[in-house]
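Novice: The file below is run38.csv, CSV, C-alpha atoms:
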```
chain,number,residue,atom,x,y,z
A,1,MET,CA,-4.7,7.9,25.3
A,2,ASN,CA,-2.8,11.2,25.0
A,3,ARG,CA,0.5,9.7,24.0
A,4,LYS,CA,1.2,10.1,20.3
A,5,VAL,CA,0.6,6.8,18.6
A,6,PRO,CA,3.4,5.9,16.1
A,7,GLY,CA,2.4,5.4,12.5
A,8,PRO,CA,3.7,1.7,12.4
A,9,THR,CA,1.4,0.9,15.4
A,10,LEU,CA,-1.6,2.3,13.5
A,11,MET,CA,-0.7,0.2,10.4
A,12,ARG,CA,-0.4,-2.9,12.6
A,13,LEU,CA,-3.7,-2.1,14.3
A,14,ALA,CA,-5.3,-2.2,10.9
A,15,THR,CA,-3.6,-5.6,10.2
A,16,TYR,CA,-4.8,-7.0,13.6
A,17,LEU,CA,-8.3,-5.8,12.7
A,18,THR,CA,-8.2,-7.6,9.3
A,19,TYR,CA,-7.2,-10.8,11.0
A,20,LEU,CA,-9.6,-10.4,14.0
A,21,ALA,CA,-12.5,-9.8,11.6
A,22,GLU,CA,-11.7,-13.0,9.8
A,23,LEU,CA,-11.6,-14.9,13.1
A,24,ASP,CA,-14.8,-13.3,14.3
A,25,ALA,CA,-16.6,-14.3,11.0
A,26,LYS,CA,-15.5,-17.9,11.7
A,27,GLY,CA,-16.9,-17.7,15.3
A,28,VAL,CA,-13.6,-17.9,17.1
A,29,ASP,CA,-14.0,-16.5,20.6
A,30,THR,CA,-10.5,-15.8,21.9
A,31,ILE,CA,-6.9,-15.5,20.6
A,32,SER,CA,-3.5,-15.3,22.4
A,33,SER,CA,-0.8,-12.9,21.4
A,34,ALA,CA,1.3,-16.0,20.4
A,35,GLN,CA,-1.4,-17.0,18.0
A,36,MET,CA,-1.5,-13.5,16.6
A,37,GLU,CA,2.2,-13.7,16.0
A,38,ASP,CA,1.9,-17.1,14.4
A,39,ARG,CA,-0.7,-15.8,12.0
A,40,THR,CA,0.4,-12.2,11.2
A,41,GLY,CA,4.1,-12.5,11.7
A,42,ILE,CA,4.0,-9.6,14.1
A,43,ASN,CA,5.9,-10.3,17.3
A,44,ALA,CA,3.7,-11.0,20.3
A,45,ALA,CA,5.5,-8.4,22.5
A,46,ILE,CA,4.9,-5.8,19.8
A,47,PHE,CA,1.2,-6.7,19.6
A,48,ARG,CA,0.9,-6.2,23.4
A,49,LYS,CA,2.8,-3.0,23.3
A,50,ASP,CA,0.7,-1.7,20.4
A,51,LEU,CA,-2.5,-2.4,22.4
A,52,SER,CA,-1.1,-0.8,25.6
A,53,TYR,CA,-1.4,2.7,24.0
A,54,PHE,CA,-5.2,2.3,24.3
A,55,GLY,CA,-5.7,0.7,27.7
A,56,GLU,CA,-5.8,-2.8,29.2
A,57,PHE,CA,-6.8,-5.7,27.0
A,58,GLY,CA,-6.8,-9.5,27.3
A,59,LYS,CA,-6.9,-11.8,30.3
A,60,PRO,CA,-3.9,-13.9,31.5
A,61,GLY,CA,-4.3,-17.5,30.6
A,62,ILE,CA,-7.4,-16.8,28.5
A,63,GLY,CA,-6.3,-14.3,25.8
A,64,TYR,CA,-8.1,-11.6,24.0
A,65,GLY,CA,-11.8,-11.7,23.2
A,66,VAL,CA,-11.9,-11.6,19.4
A,67,HIS,CA,-15.2,-9.8,19.0
A,68,GLU,CA,-14.4,-7.3,21.8
A,69,LEU,CA,-10.9,-6.5,20.6
A,70,SER,CA,-12.1,-6.2,17.0
A,71,ALA,CA,-14.8,-3.7,18.0
A,72,LYS,CA,-12.3,-1.8,20.2
A,73,ILE,CA,-9.7,-1.4,17.3
A,74,ALA,CA,-12.5,-0.5,14.9
A,75,ALA,CA,-13.5,2.3,17.3
A,76,ILE,CA,-9.8,3.5,17.7
A,77,LEU,CA,-9.4,3.7,13.9
A,78,LYS,CA,-12.9,5.2,13.6
A,79,VAL,CA,-14.0,2.6,11.1
A,80,ASP,CA,-16.9,1.7,13.3
A,81,ARG,CA,-18.9,4.4,11.6
A,82,GLU,CA,-20.0,5.0,8.0
A,83,GLN,CA,-17.5,7.2,6.0
A,84,GLY,CA,-17.8,8.6,2.5
A,85,VAL,CA,-14.7,8.8,0.4
A,86,LEU,CA,-14.1,10.8,-2.7
A,87,LEU,CA,-12.4,9.0,-5.6
A,88,VAL,CA,-10.5,10.9,-8.2
A,89,GLY,CA,-9.6,9.0,-11.3
A,90,ALA,CA,-12.1,6.9,-13.3
A,91,GLY,CA,-9.5,4.6,-14.9
A,92,ASN,CA,-8.7,1.0,-14.3
A,93,LEU,CA,-7.4,1.6,-10.8
A,94,GLY,CA,-10.5,3.7,-10.0
A,95,SER,CA,-12.7,1.0,-11.3
A,96,ALA,CA,-11.0,-1.6,-9.2
A,97,ILE,CA,-11.3,0.6,-6.1
A,98,VAL,CA,-15.1,1.1,-6.5
A,99,ALA,CA,-15.6,-2.6,-7.0
A,100,TYR,CA,-13.4,-3.6,-4.0
A,101,PRO,CA,-15.6,-5.4,-1.4
A,102,GLY,CA,-13.1,-4.6,1.3
A,103,LEU,CA,-14.2,-1.0,1.5
A,104,ARG,CA,-17.7,-1.9,2.7
A,105,SER,CA,-16.3,-4.2,5.3
A,106,ARG,CA,-14.7,-1.2,7.0
A,107,ASN,CA,-17.7,1.0,6.5
A,108,PHE,CA,-16.1,3.1,3.8
A,109,HIS,CA,-18.1,3.8,0.6
A,110,ILE,CA,-17.2,5.8,-2.5
A,111,ALA,CA,-19.4,8.9,-2.2
A,112,ALA,CA,-18.5,10.4,-5.6
A,113,VAL,CA,-16.1,9.8,-8.5
A,114,PHE,CA,-14.3,12.6,-10.3
A,115,ASP,CA,-12.2,12.8,-13.4
A,116,ASN,CA,-10.9,15.7,-15.7
A,117,ASN,CA,-11.4,13.8,-18.9
A,118,TYR,CA,-14.4,15.1,-20.9
A,119,ASN,CA,-14.8,11.7,-22.5
A,120,LYS,CA,-15.5,10.2,-19.1
A,121,ILE,CA,-17.4,13.0,-17.3
A,122,GLY,CA,-21.1,12.2,-17.3
A,123,ARG,CA,-20.6,8.5,-18.0
A,124,LYS,CA,-20.9,5.9,-15.2
A,125,LEU,CA,-18.2,4.0,-13.3
A,126,TRP,CA,-20.2,1.1,-12.0
A,127,ASP,CA,-23.3,2.8,-10.6
A,128,LEU,CA,-21.6,6.2,-10.0
A,129,GLU,CA,-21.8,9.1,-12.4
A,130,ILE,CA,-18.3,10.4,-13.1
A,131,LEU,CA,-18.2,14.1,-12.1
A,132,ASP,CA,-16.0,17.0,-13.3
A,133,ILE,CA,-13.1,17.4,-10.8
A,134,ALA,CA,-13.5,21.2,-11.3
A,135,ASN,CA,-16.8,20.9,-9.3
A,136,VAL,CA,-15.3,19.0,-6.4
A,137,LYS,CA,-15.6,21.8,-3.9
A,138,GLU,CA,-19.2,22.5,-4.7
A,139,VAL,CA,-20.1,18.8,-4.7
A,140,ASN,CA,-18.3,18.1,-1.4
A,141,LYS,CA,-20.3,20.9,0.4
A,142,GLN,CA,-23.2,18.5,0.2
A,143,LEU,CA,-21.3,15.3,0.8
A,144,GLY,CA,-18.9,16.4,3.5
A,145,ALA,CA,-16.4,13.7,2.8
A,146,ARG,CA,-13.1,14.1,4.6
A,147,ILE,CA,-11.1,11.3,2.9
A,148,ALA,CA,-10.1,11.1,-0.8
A,149,ILE,CA,-8.4,8.5,-2.9
A,150,LEU,CA,-6.1,9.8,-5.7
A,151,ALA,CA,-6.0,7.2,-8.6
A,152,ILE,CA,-4.6,9.5,-11.2
A,153,PRO,CA,-1.2,9.9,-13.0
A,154,ALA,CA,1.7,11.5,-11.1
A,155,SER,CA,1.6,14.6,-13.4
A,156,ALA,CA,-1.8,15.7,-12.1
A,157,ALA,CA,-1.6,14.6,-8.5
A,158,GLN,CA,-0.3,17.7,-6.8
A,159,GLU,CA,-2.8,20.0,-8.5
A,160,VAL,CA,-5.7,17.7,-7.7
A,161,ALA,CA,-4.6,17.2,-4.1
A,162,GLU,CA,-4.7,21.0,-3.6
A,163,MET,CA,-8.2,21.1,-5.0
A,164,LEU,CA,-9.2,18.4,-2.6
A,165,VAL,CA,-7.8,20.3,0.4
A,166,GLU,CA,-9.8,23.3,-0.8
A,167,ALA,CA,-12.9,21.1,-0.8
A,168,ASP,CA,-12.3,20.3,2.9
A,169,VAL,CA,-10.7,16.9,2.4
A,170,ARG,CA,-8.4,16.2,5.4
A,171,ALA,CA,-6.9,12.8,4.5
A,172,ILE,CA,-5.6,11.5,1.1
A,173,LEU,CA,-4.7,8.0,0.0
A,174,ASN,CA,-2.3,8.7,-2.9
A,175,PHE,CA,-1.8,6.0,-5.5
A,176,ALA,CA,0.2,8.3,-7.8
A,177,PRO,CA,4.0,7.7,-7.6
A,178,VAL,CA,4.8,11.2,-6.5
A,179,THR,CA,5.4,12.9,-3.2
A,180,LEU,CA,2.6,15.4,-2.4
A,181,ARG,CA,3.5,18.8,-0.9
A,182,LEU,CA,0.6,19.7,1.4
A,183,SER,CA,-0.1,21.4,4.7
A,184,LYS,CA,1.0,19.3,7.7
A,185,HIS,CA,-2.6,19.2,8.8
A,186,ILE,CA,-3.5,17.0,5.9
A,187,ALA,CA,-2.8,13.2,6.5
A,188,VAL,CA,-1.4,11.6,3.4
A,189,ARG,CA,-0.5,7.9,2.9
A,190,ASN,CA,1.2,6.8,-0.3
A,191,ALA,CA,0.0,3.5,-1.6
A,192,ASP,CA,2.7,3.2,-4.2
A,193,SER,CA,2.8,-0.5,-5.2
A,194,VAL,CA,6.2,0.0,-6.7
A,195,GLN,CA,7.7,1.0,-3.4
A,196,GLU,CA,6.2,-2.2,-1.9
A,197,LEU,CA,7.8,-4.2,-4.7
A,198,ALA,CA,11.1,-2.5,-4.0
A,199,VAL,CA,11.0,-3.5,-0.4
A,200,LEU,CA,10.2,-7.1,-1.4
A,201,SER,CA,13.0,-7.0,-3.9
A,202,TYR,CA,15.4,-6.1,-1.0
A,203,HIS,CA,14.5,-9.3,0.7
A,204,LEU,CA,15.4,-11.5,-2.2
A,205,SER,CA,18.7,-13.2,-2.0
A,206,ASP,CA,21.4,-11.9,-4.3
A,207,GLN,CA,21.1,-15.1,-6.3
A,208,ASP,CA,17.4,-14.5,-6.9
A,209,ALA,CA,17.3,-10.8,-7.7
B,1,MET,CA,25.9,-4.1,6.4
B,2,ASN,CA,25.2,-7.1,8.5
B,3,ARG,CA,22.9,-5.4,10.9
B,4,LYS,CA,19.3,-6.3,10.3
B,5,VAL,CA,17.6,-3.4,8.6
B,6,PRO,CA,14.1,-2.6,10.1
B,7,GLY,CA,11.1,-2.8,7.8
B,8,PRO,CA,10.1,0.8,8.2
B,9,THR,CA,13.6,1.9,7.2
B,10,LEU,CA,13.2,-0.1,3.9
B,11,MET,CA,9.9,1.5,3.2
B,12,ARG,CA,11.4,4.9,3.8
B,13,LEU,CA,14.3,4.1,1.5
B,14,ALA,CA,11.7,3.4,-1.2
B,15,THR,CA,10.1,6.8,-0.4
B,16,TYR,CA,13.5,8.6,-0.6
B,17,LEU,CA,14.2,6.9,-3.9
B,18,THR,CA,10.9,8.1,-5.4
B,19,TYR,CA,11.7,11.6,-4.4
B,20,LEU,CA,15.4,11.5,-5.4
B,21,ALA,CA,14.4,10.1,-8.8
B,22,GLU,CA,12.0,13.1,-9.3
B,23,LEU,CA,14.8,15.5,-8.3
B,24,ASP,CA,17.3,13.7,-10.5
B,25,ALA,CA,15.0,13.9,-13.5
B,26,LYS,CA,14.8,17.7,-12.9
B,27,GLY,CA,18.6,18.0,-12.9
B,28,VAL,CA,18.9,18.8,-9.2
B,29,ASP,CA,22.5,18.1,-8.0
B,30,THR,CA,22.4,18.0,-4.2
B,31,ILE,CA,19.8,17.9,-1.4
B,32,SER,CA,20.1,18.4,2.4
B,33,SER,CA,18.5,16.2,5.0
B,34,ALA,CA,16.4,19.3,6.0
B,35,GLN,CA,15.1,19.6,2.4
B,36,MET,CA,14.3,15.8,2.4
B,37,GLU,CA,12.3,16.4,5.6
B,38,ASP,CA,10.5,19.4,4.1
B,39,ARG,CA,9.5,17.3,1.1
B,40,THR,CA,8.7,13.9,2.4
B,41,GLY,CA,7.7,14.7,5.9
B,42,ILE,CA,10.3,12.3,7.3
B,43,ASN,CA,12.4,13.7,10.1
B,44,ALA,CA,15.9,14.7,9.0
B,45,ALA,CA,17.5,12.7,11.8
B,46,ILE,CA,15.6,9.6,10.8
B,47,PHE,CA,16.7,10.0,7.2
B,48,ARG,CA,20.4,10.2,8.3
B,49,LYS,CA,19.9,7.2,10.6
B,50,ASP,CA,18.2,5.2,7.8
B,51,LEU,CA,21.2,5.8,5.6
B,52,SER,CA,23.7,5.0,8.3
B,53,TYR,CA,22.8,1.3,8.0
B,54,PHE,CA,24.5,1.3,4.6
B,55,GLY,CA,27.6,3.4,5.1
B,56,GLU,CA,28.6,7.0,5.0
B,57,PHE,CA,26.7,9.4,2.7
B,58,GLY,CA,26.6,13.1,2.2
B,59,LYS,CA,29.1,15.9,2.9
B,60,PRO,CA,28.8,18.5,5.7
B,61,GLY,CA,27.7,21.9,4.3
B,62,ILE,CA,27.1,20.4,0.8
B,63,GLY,CA,24.5,17.7,1.3
B,64,TYR,CA,23.8,14.5,-0.6
B,65,GLY,CA,24.5,14.0,-4.2
B,66,VAL,CA,21.1,13.3,-5.7
B,67,HIS,CA,22.2,11.0,-8.5
B,68,GLU,CA,24.7,9.2,-6.4
B,69,LEU,CA,22.3,8.6,-3.5
B,70,SER,CA,19.6,7.6,-5.8
B,71,ALA,CA,21.8,5.0,-7.5
B,72,LYS,CA,23.0,3.7,-4.1
B,73,ILE,CA,19.5,3.2,-2.7
B,74,ALA,CA,18.4,1.5,-6.0
B,75,ALA,CA,21.3,-0.9,-5.5
B,76,ILE,CA,20.4,-1.5,-1.9
B,77,LEU,CA,16.8,-2.3,-2.9
B,78,LYS,CA,18.0,-4.3,-5.9
B,79,VAL,CA,15.9,-2.2,-8.2
B,80,ASP,CA,19.0,-1.3,-10.3
B,81,ARG,CA,18.4,-4.5,-12.3
B,82,GLU,CA,15.6,-5.7,-14.5
B,83,GLN,CA,13.2,-8.0,-12.6
B,84,GLY,CA,10.2,-10.0,-13.9
B,85,VAL,CA,7.1,-10.2,-11.8
B,86,LEU,CA,4.2,-12.7,-12.0
B,87,LEU,CA,0.7,-11.1,-11.8
B,88,VAL,CA,-2.2,-13.3,-10.7
B,89,GLY,CA,-5.6,-11.8,-11.4
B,90,ALA,CA,-6.7,-10.3,-14.8
B,91,GLY,CA,-9.5,-8.1,-13.4
B,92,ASN,CA,-9.7,-4.4,-13.0
B,93,LEU,CA,-6.8,-4.2,-10.5
B,94,GLY,CA,-4.6,-6.5,-12.6
B,95,SER,CA,-5.3,-4.3,-15.6
B,96,ALA,CA,-4.3,-1.2,-13.7
B,97,ILE,CA,-1.1,-2.9,-12.5
B,98,VAL,CA,0.0,-3.9,-16.0
B,99,ALA,CA,-0.6,-0.4,-17.3
B,100,TYR,CA,1.1,1.3,-14.4
B,101,PRO,CA,4.1,3.3,-15.7
B,102,GLY,CA,5.8,3.3,-12.3
B,103,LEU,CA,6.8,-0.4,-12.6
B,104,ARG,CA,9.1,0.3,-15.5
B,105,SER,CA,10.7,3.2,-13.6
B,106,ARG,CA,12.0,0.7,-11.0
B,107,ASN,CA,13.0,-1.9,-13.6
B,108,PHE,CA,10.1,-4.2,-12.8
B,109,HIS,CA,8.0,-5.7,-15.7
B,110,ILE,CA,5.1,-8.0,-15.6
B,111,ALA,CA,6.5,-11.3,-17.0
B,112,ALA,CA,3.3,-13.2,-17.2
B,113,VAL,CA,-0.4,-12.8,-16.2
B,114,PHE,CA,-2.4,-15.7,-14.7
B,115,ASP,CA,-6.1,-16.2,-13.9
B,116,ASN,CA,-8.3,-19.2,-13.1
B,117,ASN,CA,-11.3,-18.0,-15.0
B,118,TYR,CA,-11.7,-19.9,-18.3
B,119,ASN,CA,-13.5,-17.0,-19.8
B,120,LYS,CA,-10.3,-15.0,-19.4
B,121,ILE,CA,-7.5,-17.6,-20.1
B,122,GLY,CA,-6.2,-17.3,-23.6
B,123,ARG,CA,-7.4,-13.7,-23.9
B,124,LYS,CA,-5.2,-10.7,-23.7
B,125,LEU,CA,-4.6,-8.3,-20.8
B,126,TRP,CA,-3.0,-5.4,-22.7
B,127,ASP,CA,-0.3,-7.2,-24.7
B,128,LEU,CA,0.0,-10.2,-22.4
B,129,GLU,CA,-1.8,-13.5,-22.9
B,130,ILE,CA,-3.7,-14.5,-19.8
B,131,LEU,CA,-2.4,-17.9,-18.7
B,132,ASP,CA,-4.0,-20.6,-16.6
B,133,ILE,CA,-2.8,-20.4,-13.0
B,134,ALA,CA,-2.7,-24.2,-12.9
B,135,ASN,CA,0.4,-23.9,-15.2
B,136,VAL,CA,2.3,-21.4,-13.1
B,137,LYS,CA,5.0,-23.8,-11.9
B,138,GLU,CA,5.7,-25.0,-15.5
B,139,VAL,CA,5.7,-21.4,-16.9
B,140,ASN,CA,7.9,-20.0,-14.2
B,141,LYS,CA,10.6,-22.7,-14.8
B,142,GLN,CA,11.3,-20.7,-18.0
B,143,LEU,CA,10.7,-17.2,-16.6
B,144,GLY,CA,12.5,-17.6,-13.2
B,145,ALA,CA,10.5,-14.8,-11.6
B,146,ARG,CA,10.9,-14.5,-7.8
B,147,ILE,CA,8.3,-11.8,-7.2
B,148,ALA,CA,4.5,-12.1,-7.7
B,149,ILE,CA,1.5,-9.8,-7.2
B,150,LEU,CA,-1.8,-11.2,-6.0
B,151,ALA,CA,-4.7,-9.2,-7.4
B,152,ILE,CA,-7.4,-11.7,-6.7
B,153,PRO,CA,-10.3,-12.1,-4.2
B,154,ALA,CA,-9.5,-13.0,-0.6
B,155,SER,CA,-11.2,-16.4,-0.9
B,156,ALA,CA,-8.6,-17.6,-3.5
B,157,ALA,CA,-5.5,-15.9,-2.1
B,158,GLN,CA,-4.1,-18.5,0.3
B,159,GLU,CA,-4.3,-21.4,-2.3
B,160,VAL,CA,-2.8,-19.3,-5.1
B,161,ALA,CA,0.0,-18.0,-2.8
B,162,GLU,CA,0.9,-21.6,-2.0
B,163,MET,CA,1.0,-22.4,-5.8
B,164,LEU,CA,3.3,-19.4,-6.3
B,165,VAL,CA,5.7,-20.6,-3.6
B,166,GLU,CA,5.7,-24.1,-5.2
B,167,ALA,CA,6.7,-22.2,-8.4
B,168,ASP,CA,9.7,-20.8,-6.7
B,169,VAL,CA,8.3,-17.3,-6.0
B,170,ARG,CA,10.0,-15.9,-2.9
B,171,ALA,CA,8.2,-12.6,-2.4
B,172,ILE,CA,4.5,-11.7,-2.7
B,173,LEU,CA,2.8,-8.4,-2.9
B,174,ASN,CA,-0.7,-9.2,-1.7
B,175,PHE,CA,-3.7,-7.0,-2.6
B,176,ALA,CA,-6.2,-9.5,-1.2
B,177,PRO,CA,-7.6,-8.3,2.2
B,178,VAL,CA,-6.5,-11.5,3.9
B,179,THR,CA,-3.5,-12.5,6.0
B,180,LEU,CA,-1.5,-15.2,4.1
B,181,ARG,CA,0.0,-18.1,6.1
B,182,LEU,CA,3.3,-19.0,4.4
B,183,SER,CA,6.8,-20.1,5.4
B,184,LYS,CA,8.8,-17.5,7.1
B,185,HIS,CA,11.3,-17.6,4.2
B,186,ILE,CA,8.7,-16.0,1.9
B,187,ALA,CA,8.5,-12.2,2.1
B,188,VAL,CA,5.0,-10.9,2.0
B,189,ARG,CA,3.7,-7.3,1.9
B,190,ASN,CA,0.1,-6.5,2.2
B,191,ALA,CA,-1.1,-3.7,0.0
B,192,ASP,CA,-4.5,-3.5,1.5
B,193,SER,CA,-5.9,-0.1,0.6
B,194,VAL,CA,-8.6,-0.4,3.2
B,195,GLN,CA,-6.0,-0.7,5.9
B,196,GLU,CA,-4.4,2.5,4.6
B,197,LEU,CA,-7.8,4.2,4.7
B,198,ALA,CA,-8.3,3.0,8.3
B,199,VAL,CA,-5.0,4.6,9.3
B,200,LEU,CA,-6.1,7.9,7.6
B,201,SER,CA,-9.4,7.7,9.3
B,202,TYR,CA,-7.6,7.5,12.7
B,203,HIS,CA,-6.0,10.9,11.9
B,204,LEU,CA,-9.3,12.6,11.3
B,205,SER,CA,-10.6,14.7,14.1
B,206,ASP,CA,-13.6,13.4,16.0
B,207,GLN,CA,-15.7,16.2,14.4
B,208,ASP,CA,-14.7,15.0,10.9
B,209,ALA,CA,-15.0,11.3,11.2
```
Produce structure tokens that represent the structure in this file.
Specialist:
Amino acid sequence: MNRKVPGPTLMRLATYLTYLAELDAKGVDTISSAQMEDRTGINAAIFRKDLSYFGEFGKPGIGYGVHELSAKIAAILKVDREQGVLLVGAGNLGSAIVAYPGLRSRNFHIAAVFDNNYNKIGRKLWDLEILDIANVKEVNKQLGARIAILAIPASAAQEVAEMLVEADVRAILNFAPVTLRLSKHIAVRNADSVQELAVLSYHLSDQDA
Amino acid sequence: MNRKVPGPTLMRLATYLTYLAELDAKGVDTISSAQMEDRTGINAAIFRKDLSYFGEFGKPGIGYGVHELSAKIAAILKVDREQGVLLVGAGNLGSAIVAYPGLRSRNFHIAAVFDNNYNKIGRKLWDLEILDIANVKEVNKQLGARIAILAIPASAAQEVAEMLVEADVRAILNFAPVTLRLSKHIAVRNADSVQELAVLSYHLSDQDA
């Protein structure tokens, strides 16, 4: 448990959890590492190696208990508990994020929405009042959220990210296509769809692209 | 060039490109691997290793030419050419994707938008007419797009993905929180924000989460 877990392992754990939760909902009891490979495309040996960071799982000839493994990975990723998330940006993307049913399935909920646009502040995004980003520190003293989502243009992202850190946010999911410059103690993941498209583009044959 | 390039290397190349493009726009001429590490958080040795898959770059004591390296990575990822992308799903997320300025910066453009909702088909999403997903094969004979974005609920994702493959799509960026089961010849990347949040959640201390 004290070994540092590589980032790709964590991302794969989240993938396993998505699939295991699907199986669990269907009432499937056990799964083999070969079935996991067949379904997720992740090599069975890598699957076993990823799990080995956290202890012993699975039984030879039987496989892995779907419900048990799902609960264990949820605990590792700390998504077995309710967590509030601050959302900054009440535009189209912000709107899609609030409405996204997948958040709830991992016990995340949007605790507050912020924007800096005075035409939006005070209005509602779904059932949440849009708050002034200038008040984020004050608001988060009450909420105590440690995770935030940045759904704003690149030009504002660095400044807002620093305000979030000041407000005791410790982890940021950044949708702005810009690299944030923050303390190493702040966990940042970039959800830049264009980077994902670029990786897909690489895989196209030269005739296709 | 014939060595298989690992997925994480490709994702990091896309990250380097985002940062190099920022520097290039600012008129910065050269960058060292140490500066790259300082800015992106990616270890300098890993940066050099990633580049080594594609040839020799950089000069000792001088560093890497920002414009030159940026152009080279764009060519590797095939984002140096214009590429049309099919978007399925004309909801909030689809709307955010069409409006996203980052697409254009990597030479992607949304070539057509599809939905299966008869209340949406025929209407406009920004300046694009929303087309019936049932016609995707016919429409893509003209467009010849090889990349698609799935911005639809999980329940419809597998069926629509299969229709896209039938329509000669070869790469799919999947926003639906579900694992797609497709031929190994189809490149799929999952842009599941909840998985990203789960990874961030892991990095919170036990006091925080």
Novice: Would you mind reading off the distance between atom CA of B:Lys49 and atom CA of A:Pro8, one decimal, in Å?
Specialist: 17.2 Å
Novice: Go through B:Asn107, B:Thr40, B:Asn174, B:Asn119 and flag the residue nearest chain A, using all atoms listed in the file for the distances.
Specialist: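 Looking at the shortest contact to chain A, the residue is B:Thr40.
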Novice: Could you please determine the separation between atom CA of B:Gly7 and atom CA of A:Thr30 in Å, to one decimal place?
Specialist: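 Here the two named atoms are 28.9 Å from each other.
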Novice: Quick one: everything within 10 Å of stretch 46-48 of chain B, counting only C-alpha atoms, minus sequence neighbours fewer than 6 positions away in the same chain. Send it as a PyMOL selection string.
Specialist: chain B and resi 9+12-13+16+33-34+36-37+56-58
Novice: Calculate how many Å separate atom CA of B:Leu150 from atom CA of B:Arg181, rounding to one decimal.
Specialist: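 Separating atom CA of B:Leu150 from atom CA of B:Arg181 is a distance of 14.0 Å.
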Novice: Compile a residue-level contact table for chain B against chain A at a cut-off of 8 Å, reporting for every qualifying residue the shortest atom pair and its distance in Å to one decimal, with all atoms listed in the file counted, rows ordered by chain and ascending number, as a Markdown table.
Specialist:
```
| residue | atom | partner | partner_atom | distance |
| --- | --- | --- | --- | --- |
| B:Pro8 | CA | A:Pro8 | CA | 7.7 |
| B:Leu10 | CA | A:Val199 | CA | 5.9 |
| B:Met11 | CA | A:Val199 | CA | 6.3 |
| B:Ala14 | CA | A:Gln195 | CA | 5.2 |
| B:Thr15 | CA | A:Gln195 | CA | 7.0 |
| B:Thr18 | CA | A:Val178 | CA | 6.9 |
| B:Tyr19 | CA | A:Thr179 | CA | 6.5 |
| B:Glu22 | CA | A:Val178 | CA | 8.0 |
| B:Arg39 | CA | A:Arg181 | CA | 6.5 |
| B:Thr40 | CA | A:Thr179 | CA | 6.6 |
| B:Ile76 | CA | A:Tyr202 | CA | 6.9 |
| B:Leu77 | CA | A:Tyr202 | CA | 4.5 |
| B:Lys78 | CA | A:Tyr202 | CA | 5.8 |
| B:Val79 | CA | A:Ala198 | CA | 6.4 |
| B:Arg81 | CA | A:Ala209 | CA | 7.9 |
| B:Gln83 | CA | A:Ala209 | CA | 7.0 |
| B:Gly91 | CA | A:Ala96 | CA | 7.9 |
| B:Asn92 | CA | A:Ala96 | CA | 4.9 |
| B:Leu93 | CA | A:Ala96 | CA | 5.1 |
| B:Ser95 | CA | A:Asn92 | CA | 6.4 |
| B:Ala96 | CA | A:Asn92 | CA | 5.0 |
| B:Ile97 | CA | A:Leu93 | CA | 7.9 |
| B:Gly102 | CA | A:Val194 | CA | 6.5 |
| B:Leu103 | CA | A:Val194 | CA | 5.9 |
| B:Arg106 | CA | A:Val194 | CA | 7.3 |
| B:Arg146 | CA | A:Asp208 | CA | 6.6 |
| B:Ile147 | CA | A:Ser201 | CA | 7.5 |
| B:Arg170 | CA | A:Leu204 | CA | 7.0 |
| B:Ala171 | CA | A:Leu200 | CA | 5.9 |
| B:Ile172 | CA | A:Leu200 | CA | 7.4 |
| B:Leu173 | CA | A:Leu197 | CA | 6.8 |
| B:Pro177 | CA | A:Gly102 | CA | 6.7 |
| B:Val178 | CA | A:Thr18 | CA | 6.9 |
| B:Thr179 | CA | A:Tyr19 | CA | 6.4 |
| B:Leu180 | CA | A:Thr40 | CA | 7.9 |
| B:Arg181 | CA | A:Arg39 | CA | 6.4 |
| B:Ala187 | CA | A:Leu200 | CA | 6.4 |
| B:Val188 | CA | A:Leu200 | CA | 7.3 |
| B:Arg189 | CA | A:Glu196 | CA | 6.8 |
| B:Ala191 | CA | A:Ser193 | CA | 7.2 |
| B:Ser193 | CA | A:Ala191 | CA | 7.3 |
| B:Val194 | CA | A:Leu103 | CA | 5.9 |
| B:Gln195 | CA | A:Ala14 | CA | 5.3 |
| B:Glu196 | CA | A:Arg189 | CA | 6.9 |
| B:Leu197 | CA | A:Leu173 | CA | 6.8 |
| B:Ala198 | CA | A:Leu77 | CA | 5.7 |
| B:Val199 | CA | A:Leu10 | CA | 5.9 |
| B:Leu200 | CA | A:Ala171 | CA | 5.9 |
| B:Ser201 | CA | A:Lys78 | CA | 6.1 |
| B:Tyr202 | CA | A:Leu77 | CA | 4.4 |
| B:His203 | CA | A:Ala187 | CA | 6.7 |
| B:Leu204 | CA | A:Arg170 | CA | 7.0 |
| B:Asp208 | CA | A:Arg146 | CA | 6.6 |
| B:Ala209 | CA | A:Lys78 | CA | 6.9 |
```
Novice: Using the structure block above, produce a file of stretch 201-205 of chain A that contains N, CA and C atoms, as a compact mmCIF listing (two decimals), in the first residue's frame.
Specialist:
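Saved as decode_29.txt:
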```txt
# COMPACT_ATOMS: atom_id res chain seq x y z
N SER A 201 -6.38 10.64 -33.73
CA SER A 201 -5.92 10.99 -35.07
C SER A 201 -4.62 10.25 -35.41
N TYR A 202 -3.73 10.13 -34.41
CA TYR A 202 -2.48 9.38 -34.61
C TYR A 202 -2.76 7.96 -35.08
N HIS A 203 -3.82 7.37 -34.55
CA HIS A 203 -4.11 5.97 -34.85
C HIS A 203 -4.75 5.76 -36.22
N LEU A 204 -5.20 6.82 -36.85
CA LEU A 204 -5.74 6.67 -38.20
C LEU A 204 -4.61 6.31 -39.16
N SER A 205 -4.92 5.54 -40.17
CA SER A 205 -3.90 5.23 -41.16
C SER A 205 -3.64 6.49 -42.00
```
